[in-house]
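Structure file target.tsv (TSV, C-alpha atoms and all ligand atoms) is printed below.
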chain	number	residue	atom	x	y	z
A	7	MET	CA	2.18	22.59	-13.76
A	8	ARG	CA	3.74	20.10	-11.44
A	9	LYS	CA	7.32	18.95	-11.09
A	10	LYS	CA	7.81	15.31	-11.93
A	11	LYS	CA	9.77	13.54	-9.23
A	12	ASN	CA	10.84	9.97	-8.70
A	13	SER	CA	9.92	10.08	-5.03
A	14	PRO	CA	8.22	7.11	-3.45
A	15	ALA	CA	5.16	7.28	-1.23
A	16	PRO	CA	4.98	7.53	2.53
A	17	PRO	CA	6.40	4.37	4.05
A	18	ARG	CA	4.10	2.98	6.71
A	19	GLU	CA	5.42	-0.48	7.50
A	20	GLY	CA	6.63	-0.60	11.08
A	21	LEU	CA	5.06	2.76	11.89
A	22	SER	CA	2.20	3.29	14.25
A	23	ARG	CA	-0.68	5.47	13.07
A	24	ARG	CA	0.63	8.20	15.39
A	25	ASP	CA	4.17	7.93	13.91
A	26	PHE	CA	2.77	8.04	10.41
A	27	LEU	CA	0.58	11.06	11.02
A	28	LYS	CA	3.48	12.93	12.60
A	29	GLY	CA	5.67	12.22	9.58
A	30	THR	CA	2.93	13.11	7.15
A	31	SER	CA	2.16	16.43	8.83
A	32	LEU	CA	5.84	17.35	8.62
A	33	ALA	CA	5.96	16.44	4.97
A	34	VAL	CA	2.74	18.24	4.12
A	35	SER	CA	3.87	21.36	5.92
A	36	SER	CA	6.89	21.42	3.61
A	37	GLY	CA	4.67	20.91	0.56
A	38	LEU	CA	5.64	17.28	0.02
A	39	LEU	CA	3.36	14.30	0.35
A	40	VAL	CA	6.25	12.06	1.29
A	41	ALA	CA	7.93	11.18	4.55
A	42	PRO	CA	10.82	13.48	5.47
A	43	GLU	CA	13.54	10.86	5.09
A	44	VAL	CA	12.30	10.03	1.61
A	45	ALA	CA	11.86	13.65	0.62
A	46	ALA	CA	15.49	14.35	1.42
A	47	ALA	CA	16.61	12.01	-1.33
A	48	ALA	CA	14.15	13.25	-3.93
A	49	PRO	CA	15.82	16.36	-5.43
A	50	GLU	CA	18.71	14.35	-6.87
A	51	HIS	CA	16.22	12.48	-9.03
A	52	ALA	CA	14.19	15.49	-10.11
A	53	ALA	CA	13.37	15.27	-13.80
A	54	GLY	CA	11.55	17.69	-16.06
A	55	VAL	CA	8.27	19.48	-15.62
A	56	VAL	CA	5.12	17.82	-16.90
A	57	GLY	CA	1.48	18.82	-17.22
A	58	PRO	CA	-1.08	20.08	-16.88
A	59	GLU	CA	-2.07	17.94	-19.88
A	60	ALA	CA	-1.83	14.13	-19.76
A	61	ALA	CA	1.67	12.76	-20.15
A	62	PRO	CA	2.76	9.27	-21.14
A	63	ILE	CA	4.22	7.18	-18.32
A	64	THR	CA	5.17	3.56	-17.83
A	65	LEU	CA	4.33	1.80	-14.60
A	66	ARG	CA	5.75	-1.52	-13.47
A	67	VAL	CA	2.71	-3.22	-11.94
A	68	ASN	CA	2.64	-6.84	-10.79
A	69	GLY	CA	5.75	-7.59	-12.80
A	70	GLN	CA	4.46	-6.10	-16.05
A	71	SER	CA	5.22	-2.80	-17.75
A	72	GLN	CA	2.08	-0.80	-18.40
A	73	SER	CA	1.99	2.27	-20.63
A	74	LEU	CA	-0.63	4.89	-19.89
A	75	LYS	CA	-1.30	8.59	-20.17
A	76	VAL	CA	-2.15	10.51	-17.04
A	77	GLU	CA	-2.50	14.10	-15.98
A	78	PRO	CA	0.04	14.88	-13.25
A	79	ARG	CA	-2.76	15.30	-10.70
A	80	VAL	CA	-3.92	11.67	-11.10
A	81	THR	CA	-3.14	9.43	-8.15
A	82	LEU	CA	-1.65	5.99	-8.45
A	83	LEU	CA	-4.90	4.63	-7.01
A	84	ASP	CA	-7.02	6.23	-9.74
A	85	ALA	CA	-4.58	5.15	-12.44
A	86	LEU	CA	-4.70	1.56	-11.21
A	87	ARG	CA	-8.46	1.47	-10.90
A	88	THR	CA	-9.60	3.45	-13.92
A	89	GLN	CA	-6.86	2.85	-16.48
A	90	LEU	CA	-5.44	-0.56	-15.61
A	91	ASN	CA	-8.71	-2.05	-14.34
A	92	LEU	CA	-7.03	-3.16	-11.11
A	93	THR	CA	-9.86	-2.43	-8.72
A	94	GLY	CA	-8.68	-4.50	-5.75
A	95	ALA	CA	-7.21	-1.46	-4.02
A	96	LYS	CA	-10.26	0.41	-2.72
A	97	LYS	CA	-10.97	4.13	-2.74
A	98	VAL	CA	-12.48	4.94	0.63
A	99	CYS	CA	-11.12	8.08	2.28
A	100	ASP	CA	-8.91	9.12	-0.67
A	101	ARG	CA	-6.74	11.09	1.72
A	102	GLY	CA	-4.24	8.74	3.31
A	103	VAL	CA	-6.18	7.81	6.41
A	104	CYS	CA	-7.83	4.39	6.12
A	105	GLY	CA	-5.39	2.13	4.24
A	106	ALA	CA	-8.05	0.60	1.97
A	107	CYS	CA	-5.92	1.53	-1.04
A	108	THR	CA	-2.69	-0.06	0.23
A	109	VAL	CA	-0.31	-1.39	-2.41
A	110	ILE	CA	3.32	-2.44	-2.12
A	111	MET	CA	5.88	-0.18	-3.73
A	112	ASP	CA	9.47	-1.38	-3.80
A	113	GLY	CA	8.65	-3.77	-0.96
A	114	ARG	CA	6.99	-1.17	1.27
A	115	PRO	CA	3.26	-0.70	1.87
A	116	VAL	CA	2.00	2.68	0.70
A	117	TYR	CA	-1.32	4.46	0.39
A	118	ALA	CA	-1.94	4.52	-3.37
A	119	CYS	CA	-4.26	7.51	-2.92
A	120	ASN	CA	-1.32	9.50	-1.56
A	121	VAL	CA	1.02	8.80	-4.47
A	122	LEU	CA	0.78	10.48	-7.83
A	123	ALA	CA	0.92	8.08	-10.74
A	124	ILE	CA	3.86	10.02	-12.20
A	125	GLU	CA	5.73	9.57	-8.92
A	126	ALA	CA	5.29	5.81	-9.17
A	127	GLU	CA	7.14	5.61	-12.47
A	128	GLY	CA	10.37	3.67	-12.02
A	129	HIS	CA	9.13	1.82	-8.96
A	130	SER	CA	7.89	-1.72	-8.61
A	131	ILE	CA	4.22	-1.86	-7.62
A	132	GLU	CA	2.37	-4.91	-6.33
A	133	THR	CA	-1.38	-4.93	-5.91
A	134	ILE	CA	-3.73	-7.40	-4.25
A	135	GLU	CA	-4.36	-8.95	-7.68
A	136	SER	CA	-0.80	-10.32	-7.74
A	137	LEU	CA	-1.00	-12.08	-4.38
A	138	GLY	CA	-3.36	-14.90	-5.15
A	139	SER	CA	-6.62	-15.97	-6.74
A	140	ALA	CA	-9.83	-17.66	-5.62
A	141	GLU	CA	-8.31	-20.99	-6.63
A	142	ASN	CA	-4.90	-20.31	-5.15
A	143	LEU	CA	-5.18	-18.15	-2.05
A	144	HIS	CA	-2.09	-16.52	-0.58
A	145	PRO	CA	-1.56	-17.77	3.02
A	146	VAL	CA	-2.62	-14.36	4.33
A	147	MET	CA	-5.85	-14.55	2.33
A	148	ALA	CA	-6.52	-18.10	3.53
A	149	ALA	CA	-5.93	-17.06	7.14
A	150	PHE	CA	-8.39	-14.16	6.76
A	151	VAL	CA	-11.02	-16.66	5.61
A	152	ASP	CA	-10.20	-19.11	8.42
A	153	HIS	CA	-10.46	-16.40	11.08
A	154	ASP	CA	-13.48	-14.54	9.75
A	155	ALA	CA	-11.32	-11.48	9.47
A	156	GLN	CA	-13.78	-9.49	7.37
A	157	GLN	CA	-17.40	-8.41	7.39
A	158	CYS	CA	-18.26	-5.97	4.60
A	159	GLY	CA	-14.82	-6.67	3.15
A	160	PHE	CA	-14.13	-3.16	1.95
A	161	CYS	CA	-10.97	-2.77	4.02
A	162	THR	CA	-9.84	-6.34	3.38
A	163	PRO	CA	-7.68	-5.96	0.23
A	164	GLY	CA	-5.73	-3.16	1.88
A	165	PHE	CA	-5.32	-5.17	5.06
A	166	VAL	CA	-4.20	-8.28	3.19
A	167	VAL	CA	-1.58	-6.31	1.25
A	168	ALA	CA	-0.40	-4.55	4.42
A	169	CYS	CA	-0.22	-7.90	6.25
A	170	LYS	CA	1.76	-9.49	3.43
A	171	ALA	CA	4.26	-6.62	3.41
A	172	PHE	CA	4.46	-6.73	7.21
A	173	LEU	CA	5.16	-10.48	7.29
A	174	ASP	CA	7.82	-10.13	4.59
A	175	LYS	CA	9.72	-7.91	7.04
A	176	HIS	CA	8.60	-9.58	10.30
A	177	PRO	CA	8.29	-13.33	9.65
A	178	ASP	CA	7.89	-14.20	13.33
A	179	PRO	CA	5.92	-11.32	14.87
A	180	THR	CA	4.52	-10.99	18.36
A	181	GLN	CA	0.92	-9.93	18.90
A	182	ALA	CA	2.15	-6.47	19.92
A	183	GLU	CA	4.23	-6.16	16.75
A	184	VAL	CA	1.22	-7.12	14.65
A	185	GLU	CA	-0.91	-4.45	16.34
A	186	HIS	CA	1.80	-1.83	15.83
A	187	GLY	CA	2.65	-2.89	12.30
A	188	LEU	CA	-0.94	-2.74	11.05
A	189	GLY	CA	-1.69	0.59	12.73
A	190	GLY	CA	-2.03	2.31	9.36
A	191	ASN	CA	-5.15	0.41	8.31
A	192	LEU	CA	-8.68	0.92	9.60
A	193	CYS	CA	-11.64	-1.46	9.66
A	194	ARG	CA	-14.96	0.23	10.25
A	195	CYS	CA	-16.59	-3.15	10.93
A	196	GLY	CA	-14.14	-3.73	13.79
A	197	THR	CA	-12.71	-7.06	12.68
A	198	TYR	CA	-9.34	-6.36	14.29
A	199	ALA	CA	-9.31	-9.43	16.54
A	200	GLY	CA	-9.78	-11.76	13.58
A	201	ILE	CA	-7.22	-9.89	11.52
A	202	ARG	CA	-4.56	-10.21	14.23
A	203	GLU	CA	-5.22	-13.92	14.59
A	204	ALA	CA	-5.06	-14.28	10.82
A	205	VAL	CA	-1.67	-12.58	10.65
A	206	LEU	CA	-0.24	-14.83	13.34
A	207	GLU	CA	-1.58	-17.91	11.60
A	208	ALA	CA	-0.26	-16.76	8.23
A	209	ALA	CA	3.14	-16.21	9.83
A	210	LYS	CA	3.16	-19.83	10.98
A	211	THR	CA	2.07	-21.08	7.57
A	212	LEU	CA	4.67	-19.00	5.75
A	213	LYS	CA	7.36	-20.05	8.21
A	214	GLY	CA	6.54	-23.69	7.53
A	215	GLY	CA	6.72	-23.05	3.82
A	216	ARG	CA	10.02	-21.24	4.16
A	217	ALA	CA	11.44	-23.99	6.38
A	218	ASN	CA	10.26	-26.68	3.99
A	219	GLY	CA	11.40	-24.71	0.99
A	301	LIG	S1	-8.36	5.41	0.34
A	301	LIG	FE1	-6.22	5.67	0.51
A	301	LIG	S2	-5.84	5.72	2.65
A	301	LIG	FE2	-8.03	5.66	2.47
A	302	LIG	S1	-14.66	-5.54	7.10
A	302	LIG	FE1	-15.91	-3.79	6.81
A	302	LIG	S2	-14.51	-2.13	6.96
A	302	LIG	FE2	-13.34	-3.85	7.48
Take the structure in the file and write it out as structure tokens.
Amino acid sequence: MRKKKNSPAPPREGLSRRDFLKGTSLAVSSGLLVAPEVAAAAPEHAAGVVGPEAAPITLRVNGQSQSLKVEPRVTLLDALRTQLNLTGAKKVCDRGVCGACTVIMDGRPVYACNVLAIEAEGHSIETIESLGSAENLHPVMAAFVDHDAQQCGFCTPGFVVACKAFLDKHPDPTQAEVEHGLGGNLCRCGTYAGIREAVLEAAKTLKGGRANG
């Protein structure tokens, strides 16, 4: 059986890969798959014990409440992909390394494969599906196209979501800040140069929109 907690996932925005791994190793060594500063707040919100059988939960995904039944061991990523048919977040490493599964939880980018679905209850989750469509690309998506920032495309949804969350917090980033801020996502095809250019272009586009708005 597993204790049900309302503890969010590891925050990565603004962390380098090295920072993130250090935080994660600390958390894992204490039995918690959350960053230490988040774990400290968790016990106050501890609820009952659930499992091992499937339990009903409600997730707030892309602005909509979704009711589903999940075993406590099911990750947010698997719940999104297999129960809600939101397959934009990709399952690549399934162990919090590559960032292909990145979603935004309460405004922060998280690895959906590192969050249990039951832990996501009570939090606001945004997936790549909410950012735009083929007919109406989000500025980050459009910039990825303009700068050829993908090859196989498997890492791309995670990168786009991470970039969107990064630009929400850093609307006018430097190249160095972009490199640091996206350190939690990997591209095996090596499209990093295009991705960085895309982020800088998207920042300009969004800034124009904000100024005009
Ligand atoms: S699939 Fe989640 S970090 Fe790689
Ligand atoms: S485009 Fe292939 S892994 Fe990034």
Skipping near chain neighbours, those fewer than 6 positions away, what residues fall within 7 Å of Cys107 (chain A) using all atoms listed in the file, listed as a PyMOL selection string?
chain A and resi 83+95-97+117-119+164
With only C-alpha atoms and all ligand atoms as the atoms that count, which of A:His129, A:Pro115, A:Leu206, A:Cys99 lies nearest to ligand LIG 302 (chain A)?
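Closest residue, counting only C-alpha atoms and all ligand atoms: A:Cys99.
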Within 12 Å of ligand LIG 301 (chain A), counting all atoms listed in the file, which protein or nucleic acid residues do you find, written as a count of residues only?
46
If you measure from CA of Thr180 (chain A) to CA of Asp112 (chain A), what distance in Å do you get, rounded to one decimal?
24.7 Å
Separation of atom S2 of ligand LIG 302 (chain A) from CA of Gly200 (chain A), in Å and rounded to one decimal:
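CA of Gly200 (chain A) lies 12.6 Å from atom S2 of ligand LIG 302 (chain A).
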Within 10 Å of Pro179 (chain A) using only C-alpha atoms, minus same-chain residues under 4 positions, as a ChimeraX atom specification:
/A:172-173,175,183-185,187,205-206,209-210
Output C-alpha atoms for every residue in that selection, as a CSV table (one decimal), in the coordinates of the input.
chain,number,residue,atom,x,y,z
A,172,PHE,CA,4.5,-6.7,7.2
A,173,LEU,CA,5.2,-10.5,7.3
A,175,LYS,CA,9.7,-7.9,7.0
A,183,GLU,CA,4.2,-6.2,16.8
A,184,VAL,CA,1.2,-7.1,14.6
A,185,GLU,CA,-0.9,-4.4,16.3
A,187,GLY,CA,2.6,-2.9,12.3
A,205,VAL,CA,-1.7,-12.6,10.6
A,206,LEU,CA,-0.2,-14.8,13.3
A,209,ALA,CA,3.1,-16.2,9.8
A,210,LYS,CA,3.2,-19.8,11.0
Gly113 (chain A) surroundings by all atoms listed in the file, 9 Å radius, close-in-sequence under 4 positions cut, as a ChimeraX atom specification
/A:130-132,171,174
Using only C-alpha atoms, please write the residues we just selected to a file, as a PDB file, in the coordinates of the input.
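What ended up in part_13.pdb:
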ATOM      1  CA  SER A 130       7.890  -1.720  -8.610  1.00  0.00           C
ATOM      2  CA  ILE A 131       4.220  -1.860  -7.620  1.00  0.00           C
ATOM      3  CA  GLU A 132       2.370  -4.910  -6.330  1.00  0.00           C
ATOM      4  CA  ALA A 171       4.260  -6.620   3.410  1.00  0.00           C
ATOM      5  CA  ASP A 174       7.820 -10.130   4.590  1.00  0.00           C
TER       6      ASP A 174
END
With only C-alpha atoms and all ligand atoms as the basis for distance, which of A:Arg202, A:Thr93, A:Thr211, A:Gly159 is at the shortest distance from ligand LIG 302 (chain A)?
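With only C-alpha atoms and all ligand atoms as the atom set, the closest residue is A:Gly159.
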So what do you get for CA of Ala126 (chain A) versus CA of Val76 (chain A), distance-wise?
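Straight-line distance from CA of Ala126 (chain A) to CA of Val76 (chain A) works out to 11.8 Å.
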For ligand LIG 302 (chain A), which of A:Gly214, A:Met111, A:Val151, A:Lys170 is the closest residue, counting all atoms listed in the file?
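Of all the options, A:Val151 lies closest to ligand LIG 302 (chain A).
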Counting all atoms listed in the file, which of A:Ala123, A:Ala199, A:Val80, A:Leu212 gets nearest to ligand LIG 302 (chain A)?
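For ligand LIG 302 (chain A), the nearest of the given residues is A:Ala199.
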Put the listed atoms of ligand LIG 302 (chain A) in a box along x, y and z with 5 Å added on every side and give me the centre and edge lengths in Å to one decimal, as JSON.
{"center_x": -14.6, "center_y": -3.8, "center_z": 7.1, "size_x": 12.6, "size_y": 13.4, "size_z": 10.7}
Taking 3 positions as the minimum chain separation for residues in the same chain, which residues sit within 6 Å of region 67-75 of chain A when counting only C-alpha atoms? Answer as a VMD selection string.
chain A and resid 60 to 64 131 to 132 136
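Distances to Gln181 (chain A) were evaluated for A:Glu207, A:Cys195, A:Ala155, A:Gln89 using all atoms listed in the file, and the minimum falls at A:Glu207.
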Shell of 8 Å around Leu92 (chain A), only C-alpha atoms, local chain residues under 5 positions omitted, as a ChimeraX atom specification
/A:86-87,133,135
Pick from A:Asp154, A:Glu141, A:Glu77, A:Glu127, whichever lies nearest to ligand LIG 302 (chain A) using all atoms listed in the file
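The closest residue to ligand LIG 302 (chain A) is A:Asp154.
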